[in-house]
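Novice: entry39.txt (compact mmCIF, C-alpha atoms and all ligand atoms) pasted underneath:
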```
# COMPACT_ATOMS: atom_id res chain seq x y z
CA MET A 1 -163.28 -13.29 62.49
CA GLU A 2 -165.27 -14.84 65.29
CA ALA A 3 -164.52 -18.38 64.11
CA SER A 4 -160.78 -17.67 64.10
CA LEU A 5 -160.81 -16.64 67.76
CA LEU A 6 -163.30 -19.28 68.89
CA ASN A 7 -161.11 -22.04 67.47
CA SER A 8 -157.70 -20.78 68.54
CA CYS A 9 -158.21 -19.17 71.96
CA ARG A 10 -159.29 -20.33 75.41
CA GLU A 11 -161.15 -18.15 77.86
CA GLY A 12 -158.67 -15.86 79.60
CA ASP A 13 -156.11 -15.91 76.76
CA GLN A 14 -154.49 -12.61 75.88
CA ILE A 15 -154.74 -11.26 72.36
CA ILE A 16 -153.34 -8.12 70.74
CA THR A 17 -155.65 -6.41 68.28
CA VAL A 18 -155.09 -3.58 65.83
CA ASN A 19 -157.94 -1.07 65.89
CA GLY A 20 -157.49 1.31 62.98
CA GLY A 21 -161.15 1.64 62.05
CA ALA A 22 -164.62 0.15 62.27
CA PHE A 23 -163.47 -3.38 61.39
CA GLY A 24 -160.37 -3.30 63.60
CA ALA A 25 -162.61 -2.28 66.51
CA ARG A 26 -164.56 -5.52 66.05
CA TRP A 27 -161.68 -7.70 67.21
CA ARG A 28 -162.06 -6.22 70.66
CA THR A 29 -165.81 -6.77 70.78
CA ILE A 30 -165.48 -10.36 69.63
CA GLY A 31 -162.54 -11.07 71.95
CA GLU A 32 -164.24 -9.61 75.02
CA ARG A 33 -167.45 -11.50 74.34
CA LEU A 34 -165.41 -14.71 74.22
CA GLY A 35 -163.80 -13.92 77.57
CA LEU A 36 -160.36 -13.04 76.19
CA LYS A 37 -158.05 -10.34 77.59
CA VAL A 38 -157.82 -7.91 74.73
CA HIS A 39 -154.87 -5.52 74.38
CA GLU A 40 -155.79 -3.08 71.68
CA ILE A 41 -153.38 -1.00 69.62
CA VAL A 42 -155.43 2.05 68.76
CA VAL A 43 -154.32 3.55 65.46
CA GLU A 44 -155.45 6.97 64.29
CA TRP A 45 -158.16 6.43 61.66
CA GLY A 46 -156.67 6.65 58.17
CA LYS A 47 -153.18 5.71 59.35
CA PRO A 48 -151.51 2.31 59.06
CA VAL A 49 -150.27 0.51 62.16
CA THR A 50 -146.47 0.65 62.46
CA LEU A 51 -143.98 -2.13 63.06
CA GLU A 52 -142.83 -0.29 66.19
CA GLU A 53 -146.36 -0.31 67.65
CA ILE A 54 -146.59 -4.06 67.09
CA GLU A 55 -143.13 -4.65 68.60
CA ALA A 56 -144.04 -2.56 71.64
CA ALA A 57 -147.27 -4.53 72.19
CA LEU A 58 -145.46 -7.87 71.90
CA ALA A 59 -142.88 -6.66 74.44
CA LEU A 60 -145.68 -5.70 76.84
CA TYR A 61 -147.72 -8.89 76.31
CA PRO A 62 -145.21 -11.62 75.42
CA GLY A 63 -147.67 -14.42 76.12
CA ALA A 64 -150.27 -13.20 73.63
CA ARG A 65 -152.01 -16.08 71.90
CA ALA A 66 -152.65 -14.04 68.75
CA VAL A 67 -152.22 -10.71 67.02
CA CYS A 68 -155.38 -9.83 65.08
CA MET A 69 -155.43 -7.26 62.34
CA GLN A 70 -157.03 -6.21 59.06
CA HIS A 71 -154.92 -6.08 55.93
CA SER A 72 -157.22 -3.53 54.30
CA GLU A 73 -159.22 -1.55 56.87
CA THR A 74 -162.23 -0.97 54.60
CA SER A 75 -163.74 1.78 56.75
CA THR A 76 -160.74 4.13 56.46
CA THR A 77 -159.36 2.62 53.21
CA ALA A 78 -155.89 2.23 54.77
CA LEU A 79 -153.71 -0.79 54.09
CA HIS A 80 -151.69 -1.98 57.07
CA PRO A 81 -148.08 -2.90 56.11
CA LEU A 82 -148.47 -6.56 57.03
CA SER A 83 -145.80 -7.88 54.68
CA ARG A 84 -143.24 -6.36 57.05
CA ILE A 85 -145.21 -6.95 60.22
CA LEU A 86 -146.16 -10.64 59.94
CA PRO A 87 -142.61 -12.08 59.58
CA ARG A 88 -141.46 -9.81 62.42
CA ILE A 89 -144.19 -11.11 64.75
CA LYS A 90 -143.07 -14.67 63.99
CA GLU A 91 -139.42 -13.72 64.60
CA ILE A 92 -140.22 -12.22 68.00
CA SER A 93 -142.83 -14.74 69.11
CA PRO A 94 -143.14 -17.85 66.89
CA GLU A 95 -145.99 -19.30 68.98
CA THR A 96 -148.17 -16.21 68.68
CA LEU A 97 -150.70 -16.65 65.90
CA THR A 98 -151.06 -13.97 63.26
CA ILE A 99 -154.74 -13.59 62.33
CA VAL A 100 -155.39 -11.49 59.25
CA ASP A 101 -158.75 -10.22 58.07
CA GLY A 102 -158.17 -10.12 54.32
CA ILE A 103 -161.84 -9.69 53.51
CA SER A 104 -161.43 -6.54 51.43
CA SER A 105 -157.81 -7.09 50.34
CA CYS A 106 -158.00 -10.69 49.10
CA LEU A 107 -157.52 -10.71 45.29
CA THR A 108 -156.85 -6.96 45.15
CA THR A 109 -153.48 -7.12 46.91
CA PRO A 110 -151.21 -10.16 47.25
CA MET A 111 -151.50 -12.05 50.53
CA PRO A 112 -149.18 -10.37 53.02
CA GLY A 113 -146.04 -11.92 54.46
CA THR A 114 -145.12 -15.50 53.73
CA PRO A 115 -147.26 -18.64 54.04
CA GLU A 116 -145.33 -19.38 57.26
CA SER A 117 -145.91 -15.95 58.78
CA CYS A 118 -149.66 -15.70 58.14
CA ASP A 119 -151.39 -18.23 60.39
CA ILE A 120 -155.02 -17.49 59.71
CA TYR A 121 -156.16 -15.56 56.65
CA ILE A 122 -159.84 -14.71 56.26
CA ALA A 123 -161.67 -13.82 53.04
CA GLY A 124 -165.32 -13.24 52.16
CA SER A 125 -167.42 -13.94 49.08
CA GLN A 126 -168.83 -10.43 48.86
CA LYS A 127 -165.76 -8.44 47.85
CA ALA A 128 -163.28 -9.18 45.04
CA PHE A 129 -164.68 -12.70 44.65
CA MET A 130 -167.59 -10.89 42.93
CA LEU A 131 -170.28 -12.89 44.76
CA PRO A 132 -173.16 -12.12 47.10
CA PRO A 133 -172.43 -12.14 50.84
CA GLY A 134 -172.81 -15.46 52.62
CA LEU A 135 -169.52 -17.31 52.44
CA ALA A 136 -166.43 -16.79 54.59
CA MET A 137 -163.19 -18.56 53.71
CA MET A 138 -160.24 -19.22 55.96
CA MET A 139 -156.71 -20.41 55.38
CA LEU A 140 -154.84 -21.93 58.32
CA SER A 141 -151.11 -22.57 58.64
CA LYS A 142 -149.75 -25.78 60.16
CA THR A 143 -149.08 -23.85 63.38
CA ALA A 144 -152.66 -22.60 63.43
CA TRP A 145 -154.07 -26.11 62.94
CA ARG A 146 -151.88 -27.35 65.80
CA VAL A 147 -153.32 -24.68 68.07
CA VAL A 148 -156.89 -25.39 66.90
CA GLU A 149 -156.40 -29.13 67.55
CA SER A 150 -155.42 -28.45 71.15
CA THR A 151 -158.07 -25.83 71.89
CA PRO A 152 -161.20 -27.05 73.70
CA ARG A 153 -164.30 -26.87 71.48
CA ARG A 154 -166.60 -24.01 72.41
CA THR A 155 -168.72 -23.81 69.32
CA LEU A 156 -170.84 -26.06 67.17
CA TYR A 157 -171.39 -24.15 63.93
CA PHE A 158 -167.91 -22.59 63.79
CA ASP A 159 -166.01 -25.80 64.65
CA LEU A 160 -163.06 -25.87 62.23
CA LEU A 161 -162.04 -29.43 63.14
CA SER A 162 -165.51 -30.63 62.25
CA GLU A 163 -165.37 -28.68 58.97
CA ARG A 164 -161.96 -30.17 58.15
CA ARG A 165 -163.33 -33.68 58.70
CA SER A 166 -166.33 -32.94 56.49
CA LEU A 167 -164.20 -31.35 53.77
CA ALA A 168 -162.21 -34.58 53.49
CA ASN A 169 -165.48 -36.12 52.20
CA GLY A 170 -166.23 -33.15 49.95
CA GLU A 171 -168.93 -31.96 52.34
CA THR A 172 -169.58 -29.26 54.89
CA SER A 173 -170.69 -30.02 58.44
CA TRP A 174 -173.96 -28.12 58.09
CA THR A 175 -176.15 -26.87 55.28
CA PRO A 176 -173.85 -24.89 53.00
CA ALA A 177 -174.65 -21.77 50.99
CA SER A 178 -174.51 -24.02 47.95
CA THR A 179 -175.50 -21.41 45.37
CA ILE A 180 -172.61 -19.21 46.47
CA ILE A 181 -170.21 -22.15 46.42
CA LEU A 182 -171.27 -22.86 42.81
CA GLY A 183 -170.76 -19.15 42.11
CA LEU A 184 -167.34 -19.35 43.73
CA ASN A 185 -166.30 -22.11 41.33
CA ALA A 186 -167.35 -19.89 38.42
CA ALA A 187 -165.60 -16.84 39.92
CA ILE A 188 -162.37 -18.81 40.33
CA GLU A 189 -162.50 -19.79 36.64
CA ILE A 190 -162.92 -16.12 35.68
CA ILE A 191 -160.00 -15.13 37.94
CA LYS A 192 -157.81 -17.93 36.55
CA ALA A 193 -158.61 -16.90 32.97
CA GLU A 194 -157.49 -13.33 33.67
CA GLY A 195 -154.48 -14.50 35.69
CA LEU A 196 -153.86 -13.59 39.32
CA GLU A 197 -151.01 -11.20 38.51
CA ALA A 198 -153.22 -9.40 35.98
CA VAL A 199 -156.01 -9.20 38.58
CA TYR A 200 -153.61 -7.55 41.04
CA ALA A 201 -152.31 -5.19 38.33
CA ARG A 202 -155.87 -4.17 37.39
CA HIS A 203 -156.69 -3.38 41.01
CA ALA A 204 -153.45 -1.43 41.40
CA LEU A 205 -154.37 0.67 38.35
CA MET A 206 -157.94 1.19 39.60
CA GLY A 207 -156.54 2.34 42.94
CA ARG A 208 -154.14 4.77 41.21
CA ILE A 209 -156.91 6.23 39.03
CA ALA A 210 -159.23 6.69 42.02
CA ARG A 211 -156.57 8.39 44.14
CA HIS A 212 -155.18 10.49 41.34
CA GLY A 213 -158.68 11.40 40.17
CA VAL A 214 -160.08 12.60 43.49
CA THR A 215 -156.90 14.42 44.50
CA SER A 216 -156.87 16.13 41.06
CA LEU A 217 -160.38 17.29 41.93
CA GLY A 218 -158.86 18.89 45.02
CA CYS A 219 -160.16 16.31 47.52
CA LYS A 220 -158.10 15.02 50.44
CA LEU A 221 -157.65 11.26 50.86
CA VAL A 222 -158.74 9.65 54.14
CA ALA A 223 -155.65 7.40 54.11
CA PRO A 224 -152.96 9.32 52.22
CA ASP A 225 -150.01 7.51 53.89
CA ALA A 226 -151.03 3.94 53.07
CA PRO A 227 -153.98 3.79 50.70
CA GLY A 228 -155.24 0.37 49.64
CA ASP A 229 -156.25 -0.70 46.13
CA SER A 230 -159.71 -2.02 47.08
CA VAL A 231 -161.46 1.16 48.09
CA THR A 232 -160.56 4.85 48.09
CA GLY A 233 -161.90 7.23 50.72
CA PHE A 234 -161.88 11.00 50.32
CA TYR A 235 -163.26 14.15 51.92
CA PRO A 236 -165.58 16.01 49.53
CA PRO A 237 -164.59 19.43 48.12
CA SER A 238 -165.27 22.28 50.53
CA GLY A 239 -168.87 23.41 50.58
CA VAL A 240 -170.13 20.00 49.36
CA GLU A 241 -171.68 17.50 51.77
CA ALA A 242 -170.46 13.92 51.47
CA ASP A 243 -173.88 12.28 51.62
CA THR A 244 -175.46 14.82 49.24
CA LEU A 245 -172.65 14.18 46.79
CA ARG A 246 -173.26 10.43 47.03
CA SER A 247 -176.99 10.63 46.56
CA GLN A 248 -176.67 13.06 43.65
CA VAL A 249 -174.04 10.92 41.89
CA ARG A 250 -176.42 8.00 42.21
CA LYS A 251 -179.35 10.02 40.88
CA ARG A 252 -177.48 11.62 37.97
CA PHE A 253 -175.20 8.76 36.92
CA GLY A 254 -176.52 5.60 38.57
CA ILE A 255 -173.18 5.11 40.32
CA ARG A 256 -173.45 3.98 43.92
CA LEU A 257 -170.70 5.28 46.22
CA ALA A 258 -170.19 4.23 49.84
CA GLY A 259 -170.31 6.63 52.75
CA GLY A 260 -168.23 6.77 55.90
CA GLN A 261 -168.53 4.26 58.72
CA GLY A 262 -168.37 4.88 62.46
CA LYS A 263 -166.91 8.27 63.22
CA LEU A 264 -166.42 9.01 59.50
CA ASN A 265 -170.17 8.62 58.91
CA GLY A 266 -171.41 11.58 56.85
CA ALA A 267 -167.90 13.01 56.50
CA VAL A 268 -166.37 11.01 53.67
CA VAL A 269 -167.13 9.24 50.43
CA ARG A 270 -165.64 5.88 49.41
CA ILE A 271 -165.25 4.50 45.91
CA GLY A 272 -165.21 0.70 46.00
CA HIS A 273 -163.08 -0.66 43.16
CA MET A 274 -162.76 -4.37 43.58
CA GLY A 275 -163.92 -7.40 41.70
CA ASP A 276 -165.84 -7.17 38.46
CA MET A 277 -164.75 -3.64 37.52
CA ASP A 278 -162.28 -2.13 35.12
CA PRO A 279 -160.21 1.06 35.18
CA PHE A 280 -162.74 2.91 33.00
CA ASP A 281 -165.45 2.27 35.60
CA VAL A 282 -163.27 4.09 38.13
CA PHE A 283 -162.50 6.85 35.64
CA ASN A 284 -166.25 7.27 35.06
CA ALA A 285 -166.81 7.46 38.81
CA VAL A 286 -164.20 10.23 39.11
CA ILE A 287 -165.88 12.24 36.33
CA ALA A 288 -169.31 11.66 37.88
CA ILE A 289 -168.03 12.84 41.27
CA GLY A 290 -166.34 15.91 39.78
CA SER A 291 -169.28 16.92 37.66
CA THR A 292 -171.72 16.45 40.54
CA ALA A 293 -169.50 18.31 43.00
CA ARG A 294 -169.37 21.21 40.54
CA ALA A 295 -173.15 21.17 40.13
CA LEU A 296 -173.39 21.35 43.94
CA GLY A 297 -171.21 24.47 44.02
CA GLY A 298 -167.79 22.89 44.56
CA ASP A 299 -164.80 24.59 43.01
CA VAL A 300 -163.43 21.66 40.97
CA ASN A 301 -161.79 21.38 37.58
CA VAL A 302 -163.29 18.20 36.14
CA GLU A 303 -161.65 18.57 32.74
CA ALA A 304 -158.16 18.87 34.23
CA ALA A 305 -158.79 15.84 36.47
CA ALA A 306 -160.03 13.82 33.47
CA GLN A 307 -157.01 14.75 31.41
CA SER A 308 -154.54 13.90 34.15
CA CYS A 309 -156.26 10.54 34.85
CA MET A 310 -156.00 9.65 31.15
CA GLY A 311 -152.21 9.78 31.56
CA LEU A 312 -152.46 6.72 33.82
CA PHE A 313 -153.98 4.37 31.23
C1 LIG B 401 -162.29 -5.61 56.52
C2 LIG B 401 -163.64 -6.23 56.70
N1 LIG B 401 -163.80 -7.13 57.67
C3 LIG B 401 -164.99 -7.73 57.87
C4 LIG B 401 -166.07 -7.45 57.07
C5 LIG B 401 -167.36 -8.19 57.30
O1 LIG B 401 -168.22 -7.40 57.97
P1 LIG B 401 -169.81 -7.62 57.85
O2 LIG B 401 -170.05 -9.07 58.00
O3 LIG B 401 -170.37 -6.79 58.91
O4 LIG B 401 -170.16 -7.13 56.49
C6 LIG B 401 -165.95 -6.51 56.05
C7 LIG B 401 -167.08 -6.14 55.19
O5 LIG B 401 -167.77 -6.92 54.61
C8 LIG B 401 -164.70 -5.89 55.85
O6 LIG B 401 -164.54 -4.99 54.87
```
Would you give me this structure, written as structure tokens?
Specialist:
Amino acid sequence: MEASLLNSCREGDQIITVNGGAFGARWRTIGERLGLKVHEIVVEWGKPVTLEEIEAALALYPGARAVCMQHSETSTTALHPLSRILPRIKEISPETLTIVDGISSCLTTPMPGTPESCDIYIAGSQKAFMLPPGLAMMMLSKTAWRVVESTPRRTLYFDLLSERRSLANGETSWTPASTIILGLNAAIEIIKAEGLEAVYARHALMGRIARHGVTSLGCKLVAPDAPGDSVTGFYPPSGVEADTLRSQVRKRFGIRLAGGQGKLNGAVVRIGHMGDMDPFDVFNAVIAIGSTARALGGDVNVEAAAQSCMGLF
């Protein structure tokens, strides 16, 4: 995220950022630290940004160098509708770069928009690429490269022009995380063997099972209007504490669930379902959550939830 702004913006440039959660909020922090004028669209947590909000911001700040947004806002589990938004940004303001954090959506949901409407797309090794953290990947459009080429260098380690020169020789500019790159080659073979469409379909099914499962247990989703297929956030059944539920599920079943981030800390539970997982893993997680919530005094019908989830396979 930082490299995308360092390479495409000059001090004093205006950027529009979408803040719909803990990761969206980071654009502002990064932008301000780099001396940019940040115009933030604040979206209610759990909601997706709307096309109208983006259009209004572009009308207010027509000279914006970039619009920065997440595809999947991992902290709230909402998916922003970028397939509609990216082409519209390019229609209104072709010179404004679209910068998309696809870290938790890459490989779970097709890349949003068209190759021409997504200028910078960012992915990370630690999510659906099934690898440890340590590698960030970026795709740049021709427009983005043009902007990068004309932007004064302000960084040594994040210099994309230097990396492009090195890549032409099959190298990186600095010491690479070589073990993760070797792992990435293996991960790509696994993904190719399954087939990208099948990978997307598996994630879509895992997302459906998670949402259907927790709502059948009587839990409310954190992002009911636009839930993503990478991670599902929900409020625990009444009378059950989110963090107690998580720790007990881990203790009883060995399943590790994520908690809330930022202002959702302690209030919600998130089931991550990306990468090396299958629909039965998610089904098992739903049963583990239901059974544990019941043991903690929650009024949940685990058997009914299990039966209704089975209808999705
Ligand atoms: C949407 C999103 N952006 C960025 C990041 C990277 O954040 P961090 O480096 O703090 O893990 C993550 C999590 O890994 C994420 O889910």
Novice: Could you check the closest approach to A:Thr244 for each of A:Leu296, A:Met206, A:Ile188, A:Ala285 and tell me which residue wins, using only C-alpha atoms?
Specialist: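 Ranked by minimum distance to A:Thr244, first place goes to A:Leu296.
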Novice: Show me, as CSV, the residues of chain A having an atom within 9 Å of ligand LIG 401 (chain B), each with the closest atom pair and its distance in Å, using only C-alpha atoms and all ligand atoms.
Specialist:
```
residue,atom,partner,partner_atom,distance
A:Met1,CA,B:LIG401,C3,7.4
A:Ala22,CA,B:LIG401,C1,8.5
A:Phe23,CA,B:LIG401,N1,5.3
A:Gly24,CA,B:LIG401,C1,7.7
A:Arg26,CA,B:LIG401,C3,8.5
A:Gln70,CA,B:LIG401,C1,5.9
A:His71,CA,B:LIG401,C1,7.4
A:Ser72,CA,B:LIG401,C1,5.9
A:Glu73,CA,B:LIG401,C1,5.1
A:Thr74,CA,B:LIG401,O6,4.6
A:Ser75,CA,B:LIG401,O6,7.1
A:Asp101,CA,B:LIG401,N1,5.9
A:Gly102,CA,B:LIG401,C1,6.5
A:Ile103,CA,B:LIG401,C2,5.0
A:Ser104,CA,B:LIG401,O6,4.9
A:Ser105,CA,B:LIG401,C1,7.8
A:Ile122,CA,B:LIG401,N1,8.7
A:Ala123,CA,B:LIG401,N1,8.4
A:Gly124,CA,B:LIG401,O5,7.2
A:Ser125,CA,B:LIG401,O5,8.9
A:Gln126,CA,B:LIG401,O5,6.8
A:Lys127,CA,B:LIG401,O5,7.2
A:Pro133,CA,B:LIG401,O4,7.9
A:Gly134,CA,B:LIG401,O2,8.8
```
Novice: Using Å and a single decimal, report how far atom CA of A:Leu58 sits from atom CA of A:Gly113.
Specialist: 17.9 Å
Novice: Env of stretch 208-220 of chain A: 8 Å cut, atoms = only C-alpha atoms, seq-sep filter 2 positions within chain, self excluded. Answer as a PDB file with C-alpha atoms, in the frame of the given file.
Specialist:
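Result file is result-v9.pdb:
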```
ATOM      1  CA  ALA A 204    -153.450  -1.430  41.400  1.00  0.00           C
ATOM      2  CA  LEU A 205    -154.370   0.670  38.350  1.00  0.00           C
ATOM      3  CA  MET A 206    -157.940   1.190  39.600  1.00  0.00           C
ATOM      4  CA  VAL A 222    -158.740   9.650  54.140  1.00  0.00           C
ATOM      5  CA  PRO A 224    -152.960   9.320  52.220  1.00  0.00           C
ATOM      6  CA  ASP A 229    -156.250  -0.700  46.130  1.00  0.00           C
ATOM      7  CA  THR A 232    -160.560   4.850  48.090  1.00  0.00           C
ATOM      8  CA  PHE A 234    -161.880  11.000  50.320  1.00  0.00           C
ATOM      9  CA  TYR A 235    -163.260  14.150  51.920  1.00  0.00           C
ATOM     10  CA  PRO A 236    -165.580  16.010  49.530  1.00  0.00           C
ATOM     11  CA  PRO A 237    -164.590  19.430  48.120  1.00  0.00           C
ATOM     12  CA  ILE A 271    -165.250   4.500  45.910  1.00  0.00           C
ATOM     13  CA  PRO A 279    -160.210   1.060  35.180  1.00  0.00           C
ATOM     14  CA  VAL A 282    -163.270   4.090  38.130  1.00  0.00           C
ATOM     15  CA  PHE A 283    -162.500   6.850  35.640  1.00  0.00           C
ATOM     16  CA  VAL A 286    -164.200  10.230  39.110  1.00  0.00           C
ATOM     17  CA  GLY A 290    -166.340  15.910  39.780  1.00  0.00           C
ATOM     18  CA  VAL A 300    -163.430  21.660  40.970  1.00  0.00           C
ATOM     19  CA  ASN A 301    -161.790  21.380  37.580  1.00  0.00           C
ATOM     20  CA  VAL A 302    -163.290  18.200  36.140  1.00  0.00           C
ATOM     21  CA  ALA A 304    -158.160  18.870  34.230  1.00  0.00           C
ATOM     22  CA  ALA A 305    -158.790  15.840  36.470  1.00  0.00           C
ATOM     23  CA  ALA A 306    -160.030  13.820  33.470  1.00  0.00           C
ATOM     24  CA  SER A 308    -154.540  13.900  34.150  1.00  0.00           C
ATOM     25  CA  CYS A 309    -156.260  10.540  34.850  1.00  0.00           C
ATOM     26  CA  LEU A 312    -152.460   6.720  33.820  1.00  0.00           C
TER      27      LEU A 312
END
```
Novice: Write out as a ChimeraX atom specification which residues come within 9 Å of A:Leu184 when counting all atoms listed in the file, dropping same-chain ones fewer than 5 positions away.
Specialist: /A:125,129-131,179,189
Novice: How would the residues just picked look written out with C-alpha atoms as a compact mmCIF listing (two decimals), in the frame of the given file?
Specialist:
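Generated file (again_15.txt):
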```
# COMPACT_ATOMS: atom_id res chain seq x y z
CA SER A 125 -167.42 -13.94 49.08
CA PHE A 129 -164.68 -12.70 44.65
CA MET A 130 -167.59 -10.89 42.93
CA LEU A 131 -170.28 -12.89 44.76
CA THR A 179 -175.50 -21.41 45.37
CA GLU A 189 -162.50 -19.79 36.64
```
Novice: Just to confirm, what's the straight-line distance from atom CA of A:Arg202 to atom CA of A:Ala186 in Å (one decimal)?
Specialist: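 Answer for the atom CA of A:Arg202 to atom CA of A:Ala186 separation: 19.5 Å.
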Novice: Within 12 Å of (-143.1, -10.0, 61.3) in the file's own coordinates, which protein, DNA or RNA residues have an atom, counting only C-alpha atoms? List them as a PyMOL selection string.
Specialist: chain A and resi 50-52+54-55+58+67+81-94+96-98+112-114+116-119
Novice: Please determine, counting all atoms listed in the file, which residue among A:Ser291, A:Leu160, A:Ala136, A:Glu44 has the shortest atom-to-atom distance to A:Arg252.
Specialist: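 Comparing A:Ser291, A:Leu160, A:Ala136, A:Glu44 against A:Arg252, the winner is A:Ser291.
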Novice: Figure out the distance between atom CA of A:Val49 and atom CA of A:Met137, please, to one decimal in Å.
Specialist: 24.5 Å
Novice: Residues within 7 Å of A:Lys37, please, as a ChimeraX atom specification. Count all atoms listed in the file; anything in the same chain fewer than 3 positions from it doesn't count.
Specialist: /A:12-15,32
Novice: As AutoDock Vina command-line options, please: the centre and edge lengths in Å, to one decimal, of an axis-aligned box enclosing every listed atom of stretch 107-118 of chain A with 3 Å added on each side.
Specialist:
```
--center_x -151.3 --center_y -13.2 --center_z 52.0 --size_x 18.4 --size_y 18.4 --size_z 19.6
```
Novice: Counting all atoms listed in the file, figure out which residue out of A:Phe280, A:Ala128, A:Ser173, A:Gly260 gets nearest to A:Leu156.
Specialist: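 Using all atoms listed in the file, the shortest distance to A:Leu156 belongs to A:Ser173.
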Novice: For A:Leu161, which residue among A:Ile181, A:Leu140, A:Leu264, A:Met69 is the nearest when counting only C-alpha atoms?
Specialist: A:Leu140
Novice: So, counting all atoms listed in the file, which residue among A:Asp243, A:Glu171, A:Asp276, A:Asp281 is closest to A:Ile255?
Specialist: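 Ranking A:Asp243, A:Glu171, A:Asp276, A:Asp281 by distance to A:Ile255, first place goes to A:Asp281.
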Novice: Model the absent atoms of stretch 293-304 of chain A so that N, CA, C and O atoms are present, and write the result as a PDB file, in the coordinates of the input.
Specialist:
```pdb
ATOM      1  N   ALA A 293    -170.009  17.356  42.005  1.00  0.00           N
ATOM      2  CA  ALA A 293    -169.500  18.310  43.000  1.00  0.00           C
ATOM      3  C   ALA A 293    -169.591  19.729  42.437  1.00  0.00           C
ATOM      4  O   ALA A 293    -169.971  20.676  43.145  1.00  0.00           O
ATOM      5  N   ARG A 294    -169.286  19.873  41.151  1.00  0.00           N
ATOM      6  CA  ARG A 294    -169.370  21.210  40.540  1.00  0.00           C
ATOM      7  C   ARG A 294    -170.823  21.703  40.512  1.00  0.00           C
ATOM      8  O   ARG A 294    -171.102  22.856  40.841  1.00  0.00           O
ATOM      9  N   ALA A 295    -171.724  20.784  40.163  1.00  0.00           N
ATOM     10  CA  ALA A 295    -173.150  21.170  40.130  1.00  0.00           C
ATOM     11  C   ALA A 295    -173.633  21.586  41.526  1.00  0.00           C
ATOM     12  O   ALA A 295    -174.550  22.392  41.658  1.00  0.00           O
ATOM     13  N   LEU A 296    -172.988  21.027  42.556  1.00  0.00           N
ATOM     14  CA  LEU A 296    -173.390  21.350  43.940  1.00  0.00           C
ATOM     15  C   LEU A 296    -172.645  22.584  44.463  1.00  0.00           C
ATOM     16  O   LEU A 296    -172.711  22.899  45.645  1.00  0.00           O
ATOM     17  N   GLY A 297    -171.883  23.219  43.614  1.00  0.00           N
ATOM     18  CA  GLY A 297    -171.210  24.470  44.020  1.00  0.00           C
ATOM     19  C   GLY A 297    -169.749  24.310  44.371  1.00  0.00           C
ATOM     20  O   GLY A 297    -169.095  25.270  44.786  1.00  0.00           O
ATOM     21  N   GLY A 298    -169.212  23.112  44.232  1.00  0.00           N
ATOM     22  CA  GLY A 298    -167.790  22.890  44.560  1.00  0.00           C
ATOM     23  C   GLY A 298    -166.892  23.505  43.489  1.00  0.00           C
ATOM     24  O   GLY A 298    -167.240  23.521  42.308  1.00  0.00           O
ATOM     25  N   ASP A 299    -165.740  23.972  43.939  1.00  0.00           N
ATOM     26  CA  ASP A 299    -164.800  24.590  43.010  1.00  0.00           C
ATOM     27  C   ASP A 299    -163.845  23.507  42.499  1.00  0.00           C
ATOM     28  O   ASP A 299    -162.767  23.302  43.060  1.00  0.00           O
ATOM     29  N   VAL A 300    -164.261  22.769  41.475  1.00  0.00           N
ATOM     30  CA  VAL A 300    -163.430  21.660  40.970  1.00  0.00           C
ATOM     31  C   VAL A 300    -163.237  21.784  39.464  1.00  0.00           C
ATOM     32  O   VAL A 300    -164.126  22.276  38.756  1.00  0.00           O
ATOM     33  N   ASN A 301    -162.080  21.339  39.019  1.00  0.00           N
ATOM     34  CA  ASN A 301    -161.790  21.380  37.580  1.00  0.00           C
ATOM     35  C   ASN A 301    -161.871  19.949  37.027  1.00  0.00           C
ATOM     36  O   ASN A 301    -160.902  19.198  37.053  1.00  0.00           O
ATOM     37  N   VAL A 302    -163.055  19.582  36.584  1.00  0.00           N
ATOM     38  CA  VAL A 302    -163.290  18.200  36.140  1.00  0.00           C
ATOM     39  C   VAL A 302    -162.457  17.877  34.902  1.00  0.00           C
ATOM     40  O   VAL A 302    -161.899  16.785  34.788  1.00  0.00           O
ATOM     41  N   GLU A 303    -162.360  18.834  33.997  1.00  0.00           N
ATOM     42  CA  GLU A 303    -161.650  18.570  32.740  1.00  0.00           C
ATOM     43  C   GLU A 303    -160.181  18.285  33.019  1.00  0.00           C
ATOM     44  O   GLU A 303    -159.589  17.354  32.445  1.00  0.00           O
ATOM     45  N   ALA A 304    -159.581  19.066  33.918  1.00  0.00           N
ATOM     46  CA  ALA A 304    -158.160  18.870  34.230  1.00  0.00           C
ATOM     47  C   ALA A 304    -157.956  17.501  34.900  1.00  0.00           C
ATOM     48  O   ALA A 304    -157.000  16.771  34.614  1.00  0.00           O
TER      49      ALA A 304
END
```
